[in-house]
file data.csv (CSV, C-alpha atoms and all ligand atoms)
chain,number,residue,atom,x,y,z
A,9,MET,CA,83.7,145.7,86.6
A,10,LYS,CA,87.1,147.2,86.6
A,11,THR,CA,89.6,145.1,88.4
A,12,GLU,CA,92.5,146.8,90.2
A,13,ILE,CA,95.8,145.1,90.0
A,14,LEU,CA,98.1,145.8,93.0
A,15,LYS,CA,101.7,144.6,92.9
A,16,ILE,CA,103.1,143.8,96.3
A,17,ASN,CA,106.6,142.5,97.1
A,18,ARG,CA,106.4,139.7,99.6
A,19,ASP,CA,109.8,140.5,101.0
A,20,ASN,CA,109.1,144.2,101.4
A,21,ILE,CA,105.4,144.6,101.9
A,22,ASP,CA,103.8,148.0,101.1
A,23,ILE,CA,101.4,148.3,104.1
A,24,ASP,CA,99.4,151.1,102.5
A,25,LYS,CA,98.5,148.7,99.6
A,26,ILE,CA,97.6,146.0,102.1
A,27,LYS,CA,95.4,148.4,104.1
A,28,TYR,CA,93.6,149.4,100.9
A,29,ALA,CA,92.9,145.8,99.8
A,30,ALA,CA,91.9,144.9,103.4
A,31,LYS,CA,89.4,147.8,103.4
A,32,VAL,CA,87.9,146.5,100.1
A,33,LEU,CA,87.6,143.0,101.7
A,34,ARG,CA,86.1,144.3,105.0
A,35,GLU,CA,83.5,146.4,103.1
A,36,GLY,CA,82.3,143.4,101.0
A,37,GLY,CA,84.5,143.4,97.9
A,38,LEU,CA,86.4,140.4,96.4
A,39,VAL,CA,90.2,140.4,96.6
A,40,ALA,CA,92.5,137.7,95.0
A,41,PHE,CA,95.7,137.2,96.9
A,42,PRO,CA,98.7,134.9,97.0
A,43,THR,CA,99.1,132.1,99.5
A,44,GLU,CA,101.8,129.6,99.8
A,45,THR,CA,99.5,126.8,98.4
A,46,VAL,CA,97.7,128.6,95.5
A,47,TYR,CA,96.2,132.0,94.9
A,48,GLY,CA,92.9,132.5,96.9
A,49,LEU,CA,89.8,134.6,96.1
A,50,GLY,CA,88.9,136.3,99.4
A,51,ALA,CA,85.7,137.7,100.8
A,52,ASN,CA,84.6,138.7,104.3
A,53,ALA,CA,83.5,135.4,105.8
A,54,LEU,CA,80.9,137.1,108.0
A,55,ASN,CA,79.2,138.9,105.1
A,56,GLU,CA,76.6,136.9,103.2
A,57,LYS,CA,76.4,139.3,100.3
A,58,SER,CA,80.1,139.2,99.6
A,59,LEU,CA,80.3,135.4,100.0
A,60,LYS,CA,77.6,135.1,97.3
A,61,LYS,CA,79.9,137.1,94.9
A,62,ILE,CA,82.6,134.4,95.3
A,63,PHE,CA,80.3,131.7,94.0
A,64,GLU,CA,79.2,134.0,91.1
A,65,ALA,CA,82.7,135.1,90.1
A,66,LYS,CA,84.1,131.5,90.1
A,67,GLY,CA,80.9,129.8,88.8
A,68,ARG,CA,81.3,127.6,91.9
A,69,PRO,CA,78.5,125.1,92.8
A,70,SER,CA,76.7,126.4,95.9
A,71,ASP,CA,77.0,123.0,97.7
A,72,ASN,CA,80.8,123.3,97.7
A,73,PRO,CA,81.9,124.9,101.1
A,74,LEU,CA,84.6,127.5,101.5
A,75,ILE,CA,87.7,127.4,103.6
A,76,VAL,CA,87.9,130.3,106.1
A,77,HIS,CA,91.3,131.9,106.5
A,78,ILE,CA,92.5,133.4,109.8
A,79,ALA,CA,95.7,135.2,110.9
A,80,ASP,CA,95.3,134.7,114.7
A,81,LYS,CA,94.7,131.3,116.4
A,82,LYS,CA,92.3,133.0,118.8
A,83,ASP,CA,89.8,133.2,116.0
A,84,VAL,CA,89.4,129.5,116.0
A,85,TYR,CA,87.6,129.7,119.4
A,86,GLN,CA,85.2,132.4,118.0
A,87,LEU,CA,84.3,130.4,114.9
A,88,THR,CA,84.1,126.8,116.1
A,89,LEU,CA,83.0,124.4,118.9
A,90,ASP,CA,84.6,121.3,120.5
A,91,ILE,CA,88.3,121.6,119.7
A,92,SER,CA,90.1,118.4,120.6
A,93,GLU,CA,93.6,118.1,122.1
A,94,TYR,CA,95.0,116.6,118.9
A,95,ALA,CA,93.6,119.4,116.8
A,96,GLU,CA,95.3,121.9,119.1
A,97,LYS,CA,98.5,120.0,118.6
A,98,LEU,CA,98.2,120.0,114.8
A,99,MET,CA,97.4,123.7,114.7
A,100,ASP,CA,100.5,124.4,116.8
A,101,MET,CA,102.7,122.2,114.7
A,102,PHE,CA,101.5,123.1,111.2
A,103,TRP,CA,100.1,126.6,111.4
A,104,PRO,CA,100.7,128.9,109.7
A,105,GLY,CA,100.8,126.4,106.8
A,106,ALA,CA,99.1,124.1,104.3
A,107,LEU,CA,96.7,122.3,106.7
A,108,THR,CA,93.0,122.9,106.9
A,109,LEU,CA,91.0,121.6,109.8
A,110,VAL,CA,87.2,121.0,109.7
A,111,PHE,CA,85.5,121.7,113.1
A,112,LYS,CA,81.9,121.9,114.3
A,113,LYS,CA,80.9,125.5,113.5
A,114,ASP,CA,79.7,128.3,115.8
A,115,SER,CA,76.4,129.9,114.8
A,116,LYS,CA,78.1,133.1,113.8
A,117,VAL,CA,79.5,131.4,110.7
A,118,PRO,CA,77.0,132.1,107.9
A,119,ASP,CA,75.5,128.9,106.3
A,120,ILE,CA,76.6,130.0,102.8
A,121,VAL,CA,80.3,129.6,103.8
A,122,THR,CA,79.7,125.9,104.8
A,123,ALA,CA,77.1,125.1,102.1
A,124,GLY,CA,74.7,124.4,104.9
A,125,LEU,CA,77.0,121.9,106.7
A,126,SER,CA,77.3,122.0,110.5
A,127,THR,CA,81.1,122.1,110.2
A,128,VAL,CA,83.5,124.8,109.0
A,129,ALA,CA,87.0,124.4,107.5
A,130,LEU,CA,89.7,126.7,108.9
A,131,ARG,CA,93.3,127.5,107.9
A,132,MET,CA,96.0,129.9,108.8
A,133,PRO,CA,98.1,130.5,105.7
A,134,GLN,CA,101.9,131.1,105.9
A,135,HIS,CA,102.3,133.6,103.0
A,136,PRO,CA,103.3,137.0,104.5
A,137,ILE,CA,101.0,138.9,102.1
A,138,ALA,CA,98.0,136.7,103.0
A,139,LEU,CA,98.7,137.0,106.7
A,140,GLU,CA,99.0,140.8,106.6
A,141,LEU,CA,95.9,141.1,104.5
A,142,ILE,CA,93.8,139.0,106.9
A,143,ARG,CA,95.2,140.8,109.9
A,144,GLU,CA,94.4,144.2,108.4
A,145,ALA,CA,90.9,143.2,107.3
A,146,LYS,CA,90.1,142.4,110.9
A,147,VAL,CA,87.6,139.8,109.8
A,148,PRO,CA,88.0,136.1,108.9
A,149,VAL,CA,88.4,135.7,105.1
A,150,ALA,CA,86.7,132.9,103.1
A,151,ALA,CA,88.9,132.1,100.2
A,152,PRO,CA,88.6,129.3,97.6
A,153,SER,CA,91.2,129.0,94.9
A,154,ALA,CA,91.1,132.1,92.6
A,155,ASN,CA,90.3,130.2,89.4
A,156,VAL,CA,87.1,129.7,87.4
A,157,SER,CA,85.6,126.5,88.8
A,158,GLY,CA,86.9,123.4,87.0
A,159,ARG,CA,90.1,125.0,85.7
A,160,PRO,CA,93.6,124.3,87.1
A,161,SER,CA,94.2,126.2,90.3
A,162,PRO,CA,96.2,129.5,89.9
A,163,THR,CA,99.8,129.5,91.1
A,164,SER,CA,100.7,132.9,89.7
A,165,SER,CA,98.9,136.2,89.3
A,166,LYS,CA,98.9,135.7,85.5
A,167,HIS,CA,96.6,132.7,86.0
A,168,VAL,CA,94.3,134.7,88.3
A,169,ILE,CA,94.1,137.5,85.7
A,170,GLU,CA,93.3,135.0,82.9
A,171,ASP,CA,90.4,133.7,84.9
A,172,LEU,CA,89.0,136.5,87.0
A,173,ASN,CA,89.9,139.9,85.4
A,174,GLY,CA,86.8,142.0,85.3
A,175,LYS,CA,85.0,139.8,87.8
A,176,VAL,CA,86.6,140.8,91.1
A,177,ASP,CA,87.6,144.1,92.8
A,178,VAL,CA,91.3,143.6,93.4
A,179,ILE,CA,94.0,141.1,92.3
A,180,ILE,CA,97.2,141.3,94.3
A,181,GLU,CA,100.3,140.3,92.3
A,182,GLY,CA,102.7,138.8,94.8
A,183,GLY,CA,104.8,136.2,92.9
A,184,ASN,CA,104.4,132.5,92.6
A,185,ALA,CA,102.7,130.2,95.1
A,186,ASN,CA,105.6,128.1,96.2
A,187,ILE,CA,103.9,124.8,97.2
A,188,GLY,CA,101.6,124.8,94.2
A,189,VAL,CA,98.9,122.4,95.4
A,190,GLU,CA,96.1,123.2,97.8
A,191,SER,CA,96.1,122.6,101.6
A,192,THR,CA,95.5,119.2,103.1
A,193,VAL,CA,91.9,119.1,104.5
A,194,ILE,CA,91.2,116.9,107.5
A,195,ASP,CA,88.0,116.2,109.4
A,196,ALA,CA,89.0,117.1,113.0
A,197,THR,CA,85.6,116.3,114.5
A,198,LEU,CA,86.5,112.6,114.6
A,199,TRP,CA,89.2,110.4,116.2
A,200,PRO,CA,91.3,109.5,114.4
A,201,PRO,CA,91.0,112.4,112.0
A,202,VAL,CA,90.2,111.7,108.4
A,203,VAL,CA,92.0,113.2,105.4
A,204,LEU,CA,89.4,114.5,103.1
A,205,ARG,CA,91.8,116.1,100.5
A,206,PRO,CA,95.5,115.4,100.3
A,207,GLY,CA,97.7,118.5,99.9
A,208,GLY,CA,100.7,120.5,101.0
A,209,ILE,CA,101.1,118.6,104.4
A,210,SER,CA,101.6,114.9,103.8
A,211,ILE,CA,99.8,112.0,105.5
A,212,GLU,CA,103.2,110.8,106.8
A,213,GLN,CA,103.8,114.2,108.5
A,214,LEU,CA,100.3,114.0,110.2
A,215,LYS,CA,100.8,110.5,111.3
A,216,ASP,CA,104.2,111.3,112.8
A,217,ALA,CA,102.6,114.2,114.7
A,218,ILE,CA,99.6,112.4,116.3
A,219,GLY,CA,100.1,108.7,115.7
A,220,HIS,CA,96.9,107.9,113.8
A,221,ILE,CA,95.2,109.2,110.7
A,222,ASN,CA,92.6,107.8,108.4
A,223,VAL,CA,92.0,108.6,104.7
A,224,ASP,CA,88.6,109.1,103.1
A,225,PRO,CA,88.4,106.0,100.8
A,226,ALA,CA,86.9,108.1,98.1
A,227,LEU,CA,90.4,109.6,97.6
A,228,PHE,CA,91.5,106.4,96.0
A,229,LYS,CA,88.5,106.2,93.8
A,230,GLU,CA,89.0,105.0,90.3
A,231,ASP,CA,86.4,105.0,87.4
A,232,GLY,CA,83.4,103.0,88.4
A,233,ASP,CA,83.9,103.1,92.2
A,234,LYS,CA,80.9,104.3,94.1
A,235,PHE,CA,82.5,106.1,97.1
A,236,VAL,CA,81.0,109.5,97.7
A,237,PRO,CA,83.6,111.9,99.1
A,238,LYS,CA,82.9,113.5,102.5
A,239,SER,CA,84.4,116.7,101.2
A,240,PRO,CA,81.8,118.1,98.8
A,241,GLY,CA,84.4,119.8,96.6
A,242,MET,CA,86.1,116.6,95.8
A,243,LYS,CA,83.3,115.2,93.7
A,244,TYR,CA,83.5,117.9,91.0
A,245,LYS,CA,85.5,117.9,87.8
A,246,HIS,CA,88.5,119.9,88.8
A,247,TYR,CA,91.9,121.2,87.7
A,248,ALA,CA,91.1,120.4,84.1
A,249,PRO,CA,92.8,122.2,81.2
A,250,LYS,CA,91.0,122.4,77.8
A,251,ALA,CA,93.0,119.5,76.5
A,252,GLU,CA,92.1,115.9,77.4
A,253,VAL,CA,94.4,114.5,80.0
A,254,ILE,CA,95.5,110.8,80.2
A,255,VAL,CA,97.6,109.5,83.1
A,256,ILE,CA,100.1,106.7,82.2
A,257,GLU,CA,101.1,104.7,85.3
A,258,GLY,CA,103.8,102.0,85.7
A,259,GLU,CA,107.5,101.5,85.6
A,260,VAL,CA,109.2,104.6,84.2
A,261,LEU,CA,110.8,103.2,81.1
A,262,LYS,CA,107.6,101.2,80.1
A,263,VAL,CA,105.5,104.4,80.6
A,264,ALA,CA,107.8,106.3,78.3
A,265,GLY,CA,107.5,103.5,75.7
A,266,LYS,CA,103.7,103.6,75.9
A,267,ILE,CA,103.6,107.3,75.6
A,268,ASN,CA,105.8,107.2,72.5
A,269,THR,CA,103.4,104.8,70.9
A,270,LEU,CA,100.4,107.0,71.8
A,271,ILE,CA,102.2,110.1,70.4
A,272,GLU,CA,102.4,108.3,67.0
A,273,GLU,CA,98.8,107.1,67.2
A,274,TYR,CA,97.4,110.6,68.0
A,275,LYS,CA,99.5,112.3,65.3
A,276,CYS,CA,98.1,109.8,62.7
A,277,LYS,CA,94.6,110.8,63.8
A,278,GLY,CA,95.5,114.5,63.4
A,279,ILE,CA,95.3,115.2,67.2
A,280,LEU,CA,98.1,117.3,68.7
A,281,PRO,CA,99.7,115.5,71.6
A,282,GLY,CA,101.8,116.9,74.5
A,283,VAL,CA,103.8,115.1,77.2
A,284,LEU,CA,103.9,116.0,80.8
A,285,SER,CA,107.3,114.6,81.7
A,286,THR,CA,110.0,115.0,84.3
A,287,LYS,CA,113.6,116.2,84.4
A,288,GLN,CA,114.7,112.5,84.3
A,289,THR,CA,112.5,111.5,81.3
A,290,ARG,CA,112.1,114.6,79.1
A,291,SER,CA,114.6,113.4,76.5
A,292,PHE,CA,112.8,110.1,76.0
A,293,TYR,CA,110.1,111.6,73.9
A,294,LYS,CA,109.8,112.2,70.2
A,295,CYS,CA,107.2,115.0,70.4
A,296,GLU,CA,107.2,118.7,69.8
A,297,HIS,CA,105.4,119.6,73.0
A,298,VAL,CA,107.2,118.1,75.9
A,299,VAL,CA,107.1,119.9,79.3
A,300,SER,CA,109.3,118.8,82.2
A,301,VAL,CA,107.1,119.5,85.3
A,302,GLY,CA,109.9,118.9,87.8
A,303,ASP,CA,112.4,116.5,89.3
A,304,ARG,CA,111.3,113.0,90.4
A,305,LEU,CA,113.9,113.1,93.2
A,306,GLU,CA,112.4,116.4,94.5
A,307,PRO,CA,108.6,115.9,94.1
A,308,GLU,CA,108.0,119.4,95.7
A,309,THR,CA,109.2,120.8,92.3
A,310,ILE,CA,106.5,118.8,90.5
A,311,ALA,CA,103.8,120.0,92.9
A,312,ALA,CA,105.0,123.6,92.4
A,313,ASN,CA,104.7,123.4,88.6
A,314,LEU,CA,101.8,121.0,87.9
A,315,PHE,CA,99.0,123.5,87.5
A,316,LYS,CA,101.1,125.9,85.5
A,317,ALA,CA,102.2,123.1,83.1
A,318,LEU,CA,98.5,122.1,82.5
A,319,ARG,CA,97.7,125.7,81.6
A,320,ASP,CA,100.8,126.0,79.4
A,321,PHE,CA,99.6,123.1,77.3
A,322,ASP,CA,96.5,125.0,76.6
A,323,ASP,CA,98.5,128.0,75.4
A,324,MET,CA,100.4,125.7,73.0
A,325,GLY,CA,97.1,124.4,71.5
A,326,VAL,CA,97.9,120.8,72.6
A,327,GLN,CA,94.7,118.6,72.3
A,328,VAL,CA,95.7,115.6,74.4
A,329,ILE,CA,98.2,115.6,77.4
A,330,LEU,CA,99.9,112.3,78.1
A,331,ALA,CA,101.0,112.6,81.7
A,332,GLU,CA,103.5,110.4,83.5
A,333,ALA,CA,102.4,109.3,86.9
A,334,VAL,CA,104.7,109.8,89.9
A,335,GLU,CA,105.1,108.0,93.3
A,336,SER,CA,102.1,108.5,95.5
A,337,THR,CA,104.1,109.0,98.7
A,338,GLY,CA,104.6,112.3,100.6
A,339,ILE,CA,103.4,115.2,98.5
A,340,GLY,CA,103.1,112.7,95.6
A,341,LEU,CA,99.7,111.7,96.9
A,342,ALA,CA,98.4,115.3,96.3
A,343,ILE,CA,100.1,115.5,92.9
A,344,MET,CA,98.5,112.2,91.8
A,345,ASN,CA,95.1,113.2,93.2
A,346,ARG,CA,95.2,116.5,91.2
A,347,MET,CA,96.6,114.8,88.0
A,348,LYS,CA,93.9,112.1,88.1
A,349,LYS,CA,91.1,114.6,88.7
A,350,ALA,CA,92.4,116.7,85.8
A,351,ALA,CA,92.2,113.5,83.7
A,352,GLY,CA,88.7,112.7,84.9
A,353,TYR,CA,90.4,109.5,86.2
A,354,LYS,CA,91.4,108.3,82.7
A,355,THR,CA,94.4,106.1,83.5
A,356,ILE,CA,96.4,103.6,81.5
A,357,TYR,CA,98.4,101.1,83.5
A,358,VAL,CA,101.5,99.5,81.8
A,359,SER,CA,103.1,96.4,83.1
B,401,LIG,P1,89.1,125.2,97.5
B,401,LIG,O1,89.0,126.3,98.5
B,401,LIG,O2,88.5,125.5,96.2
B,401,LIG,O3,90.5,124.7,97.4
B,401,LIG,O4,88.2,124.0,98.1
B,401,LIG,C1,88.0,123.8,99.5
B,401,LIG,C2,87.9,122.3,99.8
B,401,LIG,O5,87.6,122.2,101.2
B,401,LIG,C3,86.8,121.7,99.0
B,401,LIG,O6,87.2,120.4,98.6
B,401,LIG,C4,85.7,121.6,100.1
B,401,LIG,O7,84.7,120.6,99.8
B,401,LIG,C5,86.4,121.4,101.4
B,401,LIG,N1,85.7,121.8,102.5
B,401,LIG,C6,85.4,123.1,102.9
B,401,LIG,N2,84.6,123.1,104.0
B,401,LIG,C7,84.4,121.8,104.3
B,401,LIG,C8,83.6,121.2,105.4
B,401,LIG,N3,82.9,121.9,106.3
B,401,LIG,N4,83.6,119.8,105.4
B,401,LIG,C9,84.2,119.1,104.5
B,401,LIG,N5,85.0,119.6,103.5
B,401,LIG,C10,85.0,121.0,103.4
B,402,MG,MG,89.7,125.1,94.2
call {"tool": "encode", "arguments": {"input": "data.csv", "output": "structure tokens"}}
result
Amino acid sequence: MKTEILKINRDNIDIDKIKYAAKVLREGGLVAFPTETVYGLGANALNEKSLKKIFEAKGRPSDNPLIVHIADKKDVYQLTLDISEYAEKLMDMFWPGALTLVFKKDSKVPDIVTAGLSTVALRMPQHPIALELIREAKVPVAAPSANVSGRPSPTSSKHVIEDLNGKVDVIIEGGNANIGVESTVIDATLWPPVVLRPGGISIEQLKDAIGHINVDPALFKEDGDKFVPKSPGMKYKHYAPKAEVIVIEGEVLKVAGKINTLIEEYKCKGILPGVLSTKQTRSFYKCEHVVSVGDRLEPETIAANLFKALRDFDDMGVQVILAEAVESTGIGLAIMNRMKKAAGYKTIYVS
């Protein structure tokens, strides 16, 4: 299949290009587009045939449900049942934005979207290109991240082209996704709501908004724990570059010491190491392939660059990535969730 690449400026949107891509979507095609979290791979959420194409293009397991994206809050009442007062409040506070709410689904939502579940996940994205596209498509748009399943999520159109060129109808090039990790997913069928996936909106923000929030214990899973996540997608290997990833956790200077020891050990074995460091620690390492992912004092910068950094190591031919852990507060919880999943939970604690 020939993929059309459409370049659109988010600050000066060419509405004819949006209308063209929206028509492709409405008529059953696949369109990759930027959102503020990561790039999404969109299909008409009411058309089973086009939804099937999403699973094929990504190689996504069919039991992993899709998030449905809308541009008008009224659509929530068409697609779901039993919306609580606190869910209304969260939508009003955080939409458009990086929060996905899981509701009881209306029968008009096809089963393939929800992988057979009786619930559906909804989000209104904030990115102007995403909003215009959904508005013009005049249908709800199911959109998982626009990567091949298992790979790091795409935060630029370059990543989408690497993974999906030739497999989708249109890729919109619209700059970098500025948050860089996916949305926070909460189960809004319960009180208090339960965080199923940490993401762009922090648990602290949600607690401030409605007073109470629980977290799916599976999110704190380590190797050997038996929790099964309530969000089907969270059980899969995810976000993984080709290189092996190992997370090193502990006090910053001790972590650096441990990583320097590991660098030597890997070099001796003929394995090429790389270090995922931060602005504050980059100069600590004696290694050719050191990437500073961002500033520890501004963790949003780390979130914004994490997936790109993982892909960059693959381009360098690095075989093992030694990744410094960061604080698990605020957006740090989402960063550590993605980093540990990329590592398949391989973690070394230094004390
Ligand atoms: P992605 O779109 O690839 O970022 O993944 C969407 C995430 O939302 C996955 O982790 C899904 O398991 C989760 N999700 C989507 N729909 C539901 C649902 N109805 N119930 C629970 N989790 C869901
Ligand atoms: Mg994904």
call {"tool": "closest_atom_pairs", "arguments": {"input": "data.csv", "of": "segment 149-181 of chain A", "to": "segment 26-35 of chain A", "cutoff": "9 Å", "atoms": "all atoms listed in the file", "output": "Markdown table"}}
result
| residue | atom | partner | partner_atom | distance |
| --- | --- | --- | --- | --- |
| A:Val149 | CA | A:Leu33 | CA | 8.1 |
| A:Asp177 | CA | A:Val32 | CA | 7.7 |
| A:Val178 | CA | A:Ala29 | CA | 7.0 |
| A:Ile179 | CA | A:Ala29 | CA | 8.9 |
| A:Ile180 | CA | A:Ala29 | CA | 8.3 |
call {"tool": "closest_residue", "arguments": {"input": "data.csv", "among": "A:Gly158, A:Pro133, A:Pro148, A:Gly50", "to": "ligand MG 402 (chain B)", "atoms": "all atoms listed in the file"}}
result
A:Gly158
call {"tool": "closest_residue", "arguments": {"input": "data.csv", "among": "A:Glu96, A:Glu308, A:Asp83, A:Glu259", "to": "Gly207 of chain A", "atoms": "all atoms listed in the file"}}
result
A:Glu308
call {"tool": "closest_residue", "arguments": {"input": "data.csv", "among": "A:Leu109, A:Ala317, A:Ile271, A:Leu89", "to": "ligand LIG 401 (chain B)", "atoms": "all atoms listed in the file"}}
result
A:Leu109
call {"tool": "residues_near_ligand", "arguments": {"input": "data.csv", "ligand": "ligand MG 402 (chain B)", "cutoff": "12 Å", "atoms": "only C-alpha atoms and all ligand atoms", "output": "PyMOL selection string"}}
result
chain A and resi 45-49+62-63+66-69+72-75+151-163+188-191+205+207+240-248+315+346+349
call {"tool": "atom_distance", "arguments": {"input": "data.csv", "atom1": "atom CA of Asp24 of chain A", "atom2": "atom CA of Asp80 of chain A"}}
result
20.8 Å
call {"tool": "residues_around", "arguments": {"input": "data.csv", "residues": "Glu44 of chain A", "least_positions_apart": "2", "cutoff": "6 Å", "atoms": "all atoms listed in the file", "output": "VMD selection string"}}
result
chain A and resid 135 185 to 187
call {"tool": "closest_residue", "arguments": {"input": "data.csv", "among": "A:Asn345, A:Thr108, A:Asn173, A:Thr122", "to": "Val39 of chain A", "atoms": "all atoms listed in the file"}}
result
A:Asn173
call {"tool": "closest_residue", "arguments": {"input": "data.csv", "among": "A:Ile91, A:Val253, A:Leu98, A:Ala138", "to": "Glu181 of chain A", "atoms": "only C-alpha atoms"}}
result
A:Ala138
call {"tool": "closest_residue", "arguments": {"input": "data.csv", "among": "A:Glu252, A:Glu212, A:Asp195, A:Glu12", "to": "ligand LIG 401 (chain B)", "atoms": "all atoms listed in the file"}}
result
A:Asp195
call {"tool": "build_atoms", "arguments": {"input": "data.csv", "residues": "segment 109-124 of chain A", "atoms": "N, CA and C atoms", "output": "mmCIF file, in the coordinates of the input"}}
result
data_model
loop_
_atom_site.group_PDB
_atom_site.id
_atom_site.type_symbol
_atom_site.label_atom_id
_atom_site.label_comp_id
_atom_site.auth_asym_id
_atom_site.auth_seq_id
_atom_site.Cartn_x
_atom_site.Cartn_y
_atom_site.Cartn_z
ATOM 1 N N LEU A 109 91.689 122.440 108.887
ATOM 2 C CA LEU A 109 91.000 121.600 109.800
ATOM 3 C C LEU A 109 89.481 121.862 109.781
ATOM 4 N N VAL A 110 88.686 120.803 109.706
ATOM 5 C CA VAL A 110 87.200 121.000 109.700
ATOM 6 C C VAL A 110 86.739 120.725 111.164
ATOM 7 N N PHE A 111 86.022 121.737 111.696
ATOM 8 C CA PHE A 111 85.500 121.700 113.100
ATOM 9 C C PHE A 111 83.971 121.862 113.043
ATOM 10 N N LYS A 112 83.325 121.564 114.177
ATOM 11 C CA LYS A 112 81.900 121.900 114.300
ATOM 12 C C LYS A 112 81.834 123.446 114.326
ATOM 13 N N LYS A 113 80.858 124.008 113.635
ATOM 14 C CA LYS A 113 80.900 125.500 113.500
ATOM 15 C C LYS A 113 80.039 126.189 114.546
ATOM 16 N N ASP A 114 80.470 127.392 114.885
ATOM 17 C CA ASP A 114 79.700 128.300 115.800
ATOM 18 C C ASP A 114 78.592 128.930 114.902
ATOM 19 N N SER A 115 77.503 129.326 115.567
ATOM 20 C CA SER A 115 76.400 129.900 114.800
ATOM 21 C C SER A 115 76.696 131.188 114.096
ATOM 22 N N LYS A 116 77.793 131.850 114.493
ATOM 23 C CA LYS A 116 78.100 133.100 113.800
ATOM 24 C C LYS A 116 78.658 132.927 112.393
ATOM 25 N N VAL A 117 79.036 131.697 112.051
ATOM 26 C CA VAL A 117 79.500 131.400 110.700
ATOM 27 C C VAL A 117 78.314 131.279 109.757
ATOM 28 N N PRO A 118 78.182 132.136 108.738
ATOM 29 C CA PRO A 118 77.000 132.100 107.900
ATOM 30 C C PRO A 118 76.913 130.718 107.138
ATOM 31 N N ASP A 119 75.677 130.244 106.918
ATOM 32 C CA ASP A 119 75.500 128.900 106.300
ATOM 33 C C ASP A 119 76.042 128.891 104.861
ATOM 34 N N ILE A 120 76.083 130.027 104.178
ATOM 35 C CA ILE A 120 76.600 130.000 102.800
ATOM 36 C C ILE A 120 78.060 129.615 102.734
ATOM 37 N N VAL A 121 78.833 129.935 103.782
ATOM 38 C CA VAL A 121 80.300 129.600 103.800
ATOM 39 C C VAL A 121 80.391 128.041 103.829
ATOM 40 N N THR A 122 79.517 127.375 104.586
ATOM 41 C CA THR A 122 79.700 125.900 104.800
ATOM 42 C C THR A 122 78.731 125.127 103.954
ATOM 43 N N ALA A 123 78.078 125.795 103.011
ATOM 44 C CA ALA A 123 77.100 125.100 102.100
ATOM 45 C C ALA A 123 76.075 124.369 102.945
ATOM 46 N N GLY A 124 75.705 124.959 104.082
ATOM 47 C CA GLY A 124 74.700 124.400 104.900
ATOM 48 C C GLY A 124 75.157 123.269 105.857
#
